[in-house]
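Undergrad: Next comes work_1.tsv, TSV, C-alpha atoms:
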```tsv
chain	number	residue	atom	x	y	z
A	1	MET	CA	61.42	110.21	48.16
A	2	ASN	CA	62.34	113.17	50.31
A	3	ILE	CA	59.17	114.81	51.64
A	4	ASN	CA	60.56	118.29	51.04
A	5	ASP	CA	61.21	117.37	47.41
A	6	ILE	CA	57.49	116.64	47.00
A	7	ALA	CA	56.62	120.08	48.30
A	8	LYS	CA	59.20	121.71	46.03
A	9	GLU	CA	57.76	119.88	43.04
A	10	VAL	CA	54.29	121.23	43.84
A	11	PHE	CA	55.68	124.75	44.16
A	12	GLU	CA	57.48	124.43	40.84
A	13	ILE	CA	54.51	123.02	38.93
A	14	GLU	CA	52.04	125.58	40.24
A	15	SER	CA	54.40	128.53	39.77
A	16	GLN	CA	55.02	127.51	36.16
A	17	GLU	CA	51.30	127.23	35.49
A	18	ILE	CA	50.66	130.67	36.99
A	19	LYS	CA	53.35	132.21	34.79
A	20	LYS	CA	51.50	130.94	31.72
A	21	LEU	CA	48.38	132.92	32.65
A	22	SER	CA	49.96	136.12	31.34
A	23	ASP	CA	50.03	134.67	27.83
A	24	LEU	CA	46.37	133.71	28.09
A	25	LEU	CA	45.11	137.23	28.84
A	26	THR	CA	42.98	138.79	26.13
A	27	GLU	CA	41.03	142.00	25.75
A	28	ASP	CA	38.20	140.27	27.57
A	29	PHE	CA	40.03	140.89	30.84
A	30	SER	CA	40.19	144.67	30.41
A	31	LYS	CA	36.62	144.72	29.07
A	32	ALA	CA	35.44	142.77	32.09
A	33	ILE	CA	37.19	145.23	34.40
A	34	ASP	CA	35.53	148.16	32.59
A	35	ALA	CA	32.15	146.49	32.93
A	36	ILE	CA	32.63	145.97	36.67
A	37	LEU	CA	33.80	149.56	37.12
A	38	ASN	CA	30.67	150.86	35.39
A	39	MET	CA	28.15	148.45	36.88
A	40	GLN	CA	25.26	149.83	38.91
A	41	GLY	CA	24.76	146.68	40.94
A	42	LYS	CA	26.93	144.02	42.52
A	43	LEU	CA	29.41	141.44	41.28
A	44	ILE	CA	27.98	138.03	42.11
A	45	ILE	CA	30.27	135.01	41.96
A	46	SER	CA	29.15	131.42	41.60
A	47	GLY	CA	30.86	128.05	41.21
A	48	MET	CA	30.62	124.45	42.36
A	49	GLY	CA	32.99	122.37	44.45
A	50	LYS	CA	36.57	123.61	44.67
A	51	SER	CA	35.77	126.39	42.18
A	52	GLY	CA	33.06	127.53	44.56
A	53	ILE	CA	35.45	127.59	47.50
A	54	ILE	CA	37.87	129.73	45.50
A	55	GLY	CA	34.93	131.87	44.38
A	56	LYS	CA	34.06	132.62	48.00
A	57	LYS	CA	37.59	133.87	48.59
A	58	ILE	CA	37.51	136.03	45.45
A	59	ALA	CA	34.17	137.53	46.50
A	60	ALA	CA	35.56	138.29	49.96
A	61	THR	CA	38.65	139.96	48.48
A	62	LEU	CA	36.56	142.09	46.14
A	63	ALA	CA	34.12	143.11	48.85
A	64	SER	CA	36.99	144.24	51.07
A	65	THR	CA	38.63	146.25	48.30
A	66	GLY	CA	35.74	148.40	47.14
A	67	THR	CA	33.68	146.16	44.86
A	68	PRO	CA	30.25	145.12	46.24
A	69	SER	CA	30.36	141.35	45.85
A	70	PHE	CA	29.05	138.12	47.32
A	71	PHE	CA	29.13	134.40	46.56
A	72	LEU	CA	26.01	132.56	45.44
A	73	HIS	CA	25.96	128.78	45.47
A	74	PRO	CA	24.66	127.62	42.06
A	75	GLY	CA	22.64	124.80	43.54
A	76	GLU	CA	20.90	127.11	45.99
A	77	ALA	CA	20.43	129.68	43.23
A	78	TYR	CA	18.64	127.18	41.03
A	79	HIS	CA	16.34	126.30	43.92
A	80	GLY	CA	15.12	129.77	44.86
A	81	ASP	CA	18.08	132.10	45.42
A	82	LEU	CA	18.08	133.50	41.88
A	83	GLY	CA	16.04	136.33	43.34
A	84	MET	CA	19.29	137.63	44.82
A	85	ILE	CA	20.47	138.52	41.33
A	86	GLU	CA	19.16	141.87	40.11
A	87	LYS	CA	19.21	143.23	36.57
A	88	ASP	CA	22.11	145.61	37.22
A	89	ASP	CA	24.33	142.88	38.67
A	90	ILE	CA	27.25	141.26	36.86
A	91	VAL	CA	27.74	137.54	37.39
A	92	LEU	CA	31.10	135.78	37.40
A	93	LEU	CA	30.67	132.06	36.78
A	94	ILE	CA	33.60	129.75	37.58
A	95	SER	CA	34.05	126.26	36.16
A	96	ASN	CA	37.41	124.84	35.17
A	97	SER	CA	35.82	122.50	32.63
A	98	GLY	CA	33.26	125.05	31.54
A	99	GLU	CA	30.69	122.25	31.55
A	100	THR	CA	29.57	122.12	35.19
A	101	ASP	CA	25.85	121.40	35.04
A	102	GLU	CA	24.82	123.42	38.10
A	103	VAL	CA	26.63	126.47	36.72
A	104	LEU	CA	25.29	126.13	33.18
A	105	LYS	CA	21.73	125.96	34.49
A	106	LEU	CA	22.04	129.59	35.62
A	107	ILE	CA	22.74	130.91	32.13
A	108	PRO	CA	19.15	130.96	30.74
A	109	PHE	CA	17.95	133.06	33.67
A	110	LEU	CA	20.90	135.44	33.44
A	111	LYS	CA	20.39	135.91	29.70
A	112	SER	CA	16.67	136.51	30.15
A	113	GLN	CA	17.48	139.20	32.68
A	114	ALA	CA	20.26	140.61	30.47
A	115	ASN	CA	22.93	140.25	33.16
A	116	ILE	CA	26.51	140.58	31.97
A	117	ILE	CA	28.21	137.20	32.33
A	118	ILE	CA	31.94	136.84	32.98
A	119	ALA	CA	33.17	133.28	32.64
A	120	MET	CA	36.31	131.91	34.23
A	121	SER	CA	37.28	128.52	32.85
A	122	GLY	CA	40.16	126.53	31.44
A	123	LYS	CA	38.33	125.70	28.21
A	124	PRO	CA	37.89	128.63	25.78
A	125	ASN	CA	35.56	126.51	23.61
A	126	SER	CA	33.41	125.25	26.47
A	127	THR	CA	29.68	125.83	26.77
A	128	LEU	CA	30.27	128.32	29.57
A	129	ALA	CA	32.84	130.31	27.59
A	130	LYS	CA	30.63	130.44	24.50
A	131	ASN	CA	27.67	131.74	26.50
A	132	SER	CA	29.50	134.51	28.34
A	133	ASP	CA	30.13	138.14	27.47
A	134	TYR	CA	33.75	137.94	28.60
A	135	HIS	CA	35.90	134.84	29.07
A	136	LEU	CA	38.93	134.69	31.36
A	137	ASN	CA	41.14	131.76	30.43
A	138	ILE	CA	42.59	129.88	33.42
A	139	SER	CA	43.82	126.90	31.40
A	140	ILE	CA	46.64	124.81	32.87
A	141	ASP	CA	48.72	121.99	31.39
A	142	LYS	CA	49.43	120.06	34.55
A	143	GLU	CA	47.89	119.63	37.96
A	144	ALA	CA	50.26	119.46	40.92
A	145	CYS	CA	48.35	116.41	42.12
A	146	PRO	CA	50.55	113.29	41.72
A	147	LEU	CA	47.51	111.42	40.35
A	148	GLN	CA	46.40	114.32	38.12
A	149	LEU	CA	42.98	114.06	39.74
A	150	ALA	CA	42.62	116.62	42.54
A	151	PRO	CA	42.40	120.25	41.36
A	152	MET	CA	45.56	121.99	42.56
A	153	SER	CA	47.21	124.03	39.82
A	154	SER	CA	43.77	124.81	38.39
A	155	THR	CA	42.39	126.19	41.66
A	156	THR	CA	45.57	128.20	42.17
A	157	ALA	CA	45.18	129.66	38.67
A	158	THR	CA	41.56	130.54	39.48
A	159	LEU	CA	42.57	132.26	42.69
A	160	VAL	CA	45.33	134.22	40.96
A	161	MET	CA	42.96	135.40	38.21
A	162	GLY	CA	40.57	136.57	40.93
A	163	ASP	CA	43.40	138.45	42.62
A	164	ALA	CA	44.28	140.04	39.28
A	165	ILE	CA	40.69	141.29	38.96
A	166	ALA	CA	40.77	142.75	42.48
A	167	ALA	CA	44.18	144.37	41.97
A	168	ALA	CA	43.16	145.92	38.66
A	169	LEU	CA	40.00	147.38	40.16
A	170	MET	CA	41.95	148.77	43.12
A	171	LYS	CA	44.52	150.43	40.87
A	172	VAL	CA	41.96	152.01	38.55
A	173	ARG	CA	39.87	153.26	41.47
A	174	ASP	CA	42.97	154.55	43.30
A	175	PHE	CA	41.84	152.48	46.29
A	176	LYS	CA	43.98	153.50	49.30
A	177	ASP	CA	44.75	152.00	52.69
A	178	GLU	CA	42.23	154.38	54.30
A	179	ASN	CA	39.50	152.89	52.11
A	180	PHE	CA	40.64	149.37	52.96
A	181	ALA	CA	40.50	150.18	56.66
A	182	LYS	CA	36.84	151.16	56.45
A	183	PHE	CA	36.00	147.59	55.51
A	184	HIS	CA	38.35	146.18	58.20
A	185	PRO	CA	37.63	148.26	61.32
A	186	GLY	CA	38.37	145.29	63.55
A	187	GLY	CA	41.81	144.59	62.10
A	188	SER	CA	45.11	146.18	63.07
A	189	LEU	CA	45.09	148.34	59.94
A	190	GLY	CA	41.57	149.55	60.64
A	191	ARG	CA	42.51	150.33	64.21
A	192	ARG	CA	45.54	152.38	63.17
A	193	LEU	CA	43.75	154.29	60.43
A	194	LEU	CA	40.34	154.86	62.02
A	195	THR	CA	40.97	155.11	65.75
A	196	GLN	CA	41.94	158.50	67.15
A	197	VAL	CA	44.65	159.16	69.70
A	198	LYS	CA	42.12	160.45	72.25
A	199	ASP	CA	40.43	157.03	72.21
A	200	VAL	CA	43.48	155.23	73.64
A	201	MET	CA	45.51	157.87	75.49
A	202	LYS	CA	46.13	157.89	79.24
A	203	LYS	CA	44.26	160.91	80.59
A	204	ASP	CA	43.79	160.33	84.31
A	205	SER	CA	46.37	161.14	87.01
A	206	LEU	CA	48.87	162.37	84.43
A	207	PRO	CA	52.49	162.61	85.66
A	208	THR	CA	53.34	166.32	85.72
A	209	CYS	CA	55.68	168.64	87.61
A	210	ASP	CA	56.76	172.27	87.47
A	211	ARG	CA	60.11	173.62	86.28
A	212	ASP	CA	61.51	173.87	89.81
A	213	ALA	CA	60.72	170.31	90.89
A	214	LYS	CA	63.68	168.46	92.42
A	215	VAL	CA	64.94	165.11	91.12
A	216	LYS	CA	63.51	163.16	94.06
A	217	GLU	CA	60.03	164.52	93.37
A	218	ILE	CA	60.45	163.84	89.65
A	219	ILE	CA	61.42	160.21	90.28
A	220	HIS	CA	58.39	159.66	92.51
A	221	THR	CA	56.11	161.25	89.89
A	222	ILE	CA	57.49	159.06	87.12
A	223	THR	CA	57.05	155.97	89.28
A	224	ASP	CA	53.48	156.82	90.30
A	225	GLY	CA	52.48	157.89	86.80
A	226	LYS	CA	53.49	154.53	85.26
A	227	CYS	CA	54.26	156.16	81.92
A	228	GLY	CA	58.02	156.27	82.22
A	229	LEU	CA	57.98	160.05	82.00
A	230	VAL	CA	56.84	163.32	83.51
A	231	VAL	CA	55.49	166.35	81.64
A	232	VAL	CA	56.98	169.65	82.81
A	233	LEU	CA	54.46	172.51	83.04
A	234	ASP	CA	54.75	176.24	83.58
A	235	ASP	CA	51.35	177.76	84.39
A	236	ASP	CA	49.68	174.82	82.59
A	237	LYS	CA	51.84	175.37	79.51
A	238	ILE	CA	53.91	172.42	78.35
A	239	VAL	CA	57.58	173.40	78.48
A	240	GLY	CA	59.33	170.05	78.48
A	241	ILE	CA	59.41	166.33	79.17
A	242	ILE	CA	61.63	164.14	81.34
A	243	THR	CA	61.81	160.40	80.77
A	244	ASP	CA	63.21	157.71	83.01
A	245	GLY	CA	66.02	157.44	80.45
A	246	ASP	CA	66.84	161.12	80.99
A	247	ILE	CA	67.05	160.50	84.73
A	248	ARG	CA	69.50	157.62	84.30
A	249	ARG	CA	71.73	159.57	81.92
A	250	VAL	CA	71.86	162.64	84.17
A	251	MET	CA	72.59	160.47	87.21
A	252	GLU	CA	75.63	158.98	85.45
A	253	LEU	CA	76.92	162.34	84.21
A	254	GLN	CA	76.22	164.45	87.29
A	255	GLU	CA	76.29	161.93	90.12
A	256	GLU	CA	77.69	164.29	92.79
A	257	LYS	CA	75.01	166.95	92.46
A	258	PHE	CA	72.27	164.69	91.12
A	259	PHE	CA	69.75	165.24	93.92
A	260	THR	CA	70.12	169.02	93.75
A	261	LEU	CA	69.09	169.20	90.11
A	262	GLU	CA	65.74	170.66	89.06
A	263	ALA	CA	63.39	169.78	86.22
A	264	LYS	CA	64.37	172.80	84.14
A	265	SER	CA	67.97	171.60	83.91
A	266	ILE	CA	67.07	168.05	82.99
A	267	MET	CA	64.04	168.34	80.74
A	268	THR	CA	63.94	168.06	76.98
A	269	THR	CA	62.27	171.18	75.62
A	270	SER	CA	61.50	169.72	72.20
A	271	ALA	CA	58.89	167.23	73.39
A	272	LYS	CA	56.92	165.54	70.60
A	273	LEU	CA	53.26	166.55	70.64
A	274	ILE	CA	50.23	165.18	68.84
A	275	TYR	CA	46.66	166.45	68.58
A	276	GLU	CA	43.89	164.45	70.19
A	277	ASP	CA	42.04	163.85	66.91
A	278	ALA	CA	45.10	162.43	65.11
A	279	ARG	CA	44.87	158.83	63.93
A	280	LEU	CA	46.91	156.06	65.51
A	281	ILE	CA	48.82	155.61	62.26
A	282	GLU	CA	50.12	159.17	62.59
A	283	ALA	CA	51.18	158.56	66.18
A	284	SER	CA	52.96	155.37	65.11
A	285	ASP	CA	54.80	157.19	62.32
A	286	ILE	CA	55.98	159.98	64.64
A	287	MET	CA	57.24	157.52	67.23
A	288	SER	CA	59.03	155.40	64.63
A	289	GLU	CA	60.66	158.38	62.93
A	290	ASN	CA	61.93	159.81	66.23
A	291	LYS	CA	62.69	156.45	67.86
A	292	ILE	CA	60.55	157.21	70.90
A	293	ASN	CA	57.66	155.37	72.52
A	294	SER	CA	55.59	158.22	73.99
A	295	LEU	CA	53.81	161.34	72.75
A	296	ILE	CA	52.13	164.17	74.65
A	297	VAL	CA	48.53	164.65	73.54
A	298	ILE	CA	47.18	168.19	73.23
A	299	ASN	CA	44.10	170.03	71.99
A	300	LYS	CA	43.99	172.95	69.57
A	301	LYS	CA	44.89	175.31	72.41
A	302	GLU	CA	47.99	173.16	73.01
A	303	GLU	CA	46.75	172.22	76.47
A	304	LEU	CA	47.84	168.91	77.98
A	305	LEU	CA	45.17	166.23	77.58
A	306	GLY	CA	47.05	162.99	77.92
A	307	VAL	CA	49.93	160.72	77.01
A	308	VAL	CA	49.87	158.03	74.31
A	309	GLN	CA	52.49	155.31	74.14
A	310	MET	CA	53.48	152.71	71.59
A	311	TYR	CA	51.79	149.84	73.41
A	312	ASP	CA	48.52	151.83	73.39
A	313	LEU	CA	48.46	151.67	69.60
A	314	GLY	CA	48.00	147.90	69.55
A	315	ILE	CA	50.49	147.55	66.70
```
Let's see the structure in the file written out as structure tokens.

TA:
Amino acid sequence: MNINDIAKEVFEIESQEIKKLSDLLTEDFSKAIDAILNMQGKLIISGMGKSGIIGKKIAATLASTGTPSFFLHPGEAYHGDLGMIEKDDIVLLISNSGETDEVLKLIPFLKSQANIIIAMSGKPNSTLAKNSDYHLNISIDKEACPLQLAPMSSTTATLVMGDAIAAALMKVRDFKDENFAKFHPGGSLGRRLLTQVKDVMKKDSLPTCDRDAKVKEIIHTITDGKCGLVVVLDDDKIVGIITDGDIRRVMELQEEKFFTLEAKSIMTTSAKLIYEDARLIEASDIMSENKINSLIVINKKEELLGVVQMYDLGI
């Protein structure tokens, strides 16, 4: 058999099983979402084996998208970690069969503490489903495993249901990229949304010249400044910018009098400026929209503070 055909068969089986989840949704899903939105505590997720591994991912997704959540191993919970579960917490228990012993052992404690229980299983009539407040059906007809032994389609269905929970909560809460960035300050998104231009700009030995500077001086300044540009000043006021691209274009168009030219006849007077406290995402947007790779950084008095370039943004 062609190896690629095996992969395609897995894709087909699992995609078909996921499509069926839509027909299995009941009011319990929306009620569970409402309960999570109104909870005063945390959403604690627990499951054994492969369900537990998927549960960890679901908990991580929820925690990063505005829902306080963590994974609790049912075995560890039954041997002392139940103290992590407080009365205001909601507990999501995952078991495809709905009969996993380690998971079921948690139910008496949760009921005694009056915790809301959300069950995620493939058996609506299972012990777990019958002892939960809300049941999310993740039933599948066929595993992608050739032997029908290893959980494949079932774990995918579990993961997708967890993603549906996270997405629903994000939509209802109007969770935005700025909120996401707060939980991911080390990622590229967090860097773009939380870091300010002044934190990455070049501010020492800035390449500047006055309006009357000759081309030779301008070229030396651009070379020494290592920014590919020079900022033209008039009594410390920014009046223009000259890039190395401007120099090349002028040299081709006015070759005979090139070295007699001055900054004021070469510069672009509509230089793109950005305030020092602007976020990197704003700088990125301005550069992309104008197809440039450098911005002049200013303060509220529009005084030159630095230069920020595309490679400084780390994007």

Undergrad: When you count all atoms listed in the file, which of these residues is closest to A:Leu159: A:Val250, A:Leu93, A:Ile218, A:Ile54?

TA: A:Ile54

Undergrad: Can you tell me which residues surround stretch 275-289 of chain A at a distance of at most 6 Å, considering all atoms listed in the file, apart from same-chain residues fewer than 4 positions away, and format the answer as a ChimeraX atom specification?

TA: /A:192-193,195-198,293,297-299

Undergrad: Pick from A:Ala263, A:Ala129, A:Leu253, A:Met201: nearest to A:Glu217, with all atoms listed in the file counted?

TA: A:Ala263

Undergrad: Take the point (28.1, 132.4, 48.4) as written in the file and pick out every residue within 9 Å of it, counting all atoms listed in the file; give the list as a compact mmCIF listing (two decimals) with C-alpha atoms, in the frame of the given file.

TA:
```txt
# COMPACT_ATOMS: atom_id res chain seq x y z
CA ILE A 44 27.98 138.03 42.11
CA ILE A 45 30.27 135.01 41.96
CA SER A 46 29.15 131.42 41.60
CA GLY A 47 30.86 128.05 41.21
CA GLY A 52 33.06 127.53 44.56
CA ILE A 53 35.45 127.59 47.50
CA GLY A 55 34.93 131.87 44.38
CA LYS A 56 34.06 132.62 48.00
CA ALA A 59 34.17 137.53 46.50
CA PHE A 70 29.05 138.12 47.32
CA PHE A 71 29.13 134.40 46.56
CA LEU A 72 26.01 132.56 45.44
CA HIS A 73 25.96 128.78 45.47
CA PRO A 74 24.66 127.62 42.06
```

Undergrad: Looking at only C-alpha atoms, which of A:Leu25, A:Ala35, A:Val200, A:Leu206 is the one that sits closest to A:Met120?

TA: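 The closest residue to A:Met120 is A:Leu25.
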
Undergrad: Restricting the calculation to all atoms listed in the file, which member of A:Ile222, A:Leu233, A:Ile138, A:Ala144 is positioned closest to A:Met161?

TA: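 Nearest to A:Met161: A:Ile138.
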
Undergrad: So that I can see what lies close to A:Ile140, please list as number ranges by chain the residues with an atom at most 10 Å from it, counting only C-alpha atoms and leaving out residues fewer than 3 positions away in the same chain.

TA: A: 14, 16-18, 20-21, 96, 122-123, 137, 143, 153-157

Undergrad: Rank nothing, just name the residue among A:Thr208, A:Ser51, A:Ser64, A:Ser294 nearest to A:Ser121, using all atoms listed in the file.

TA: A:Ser51
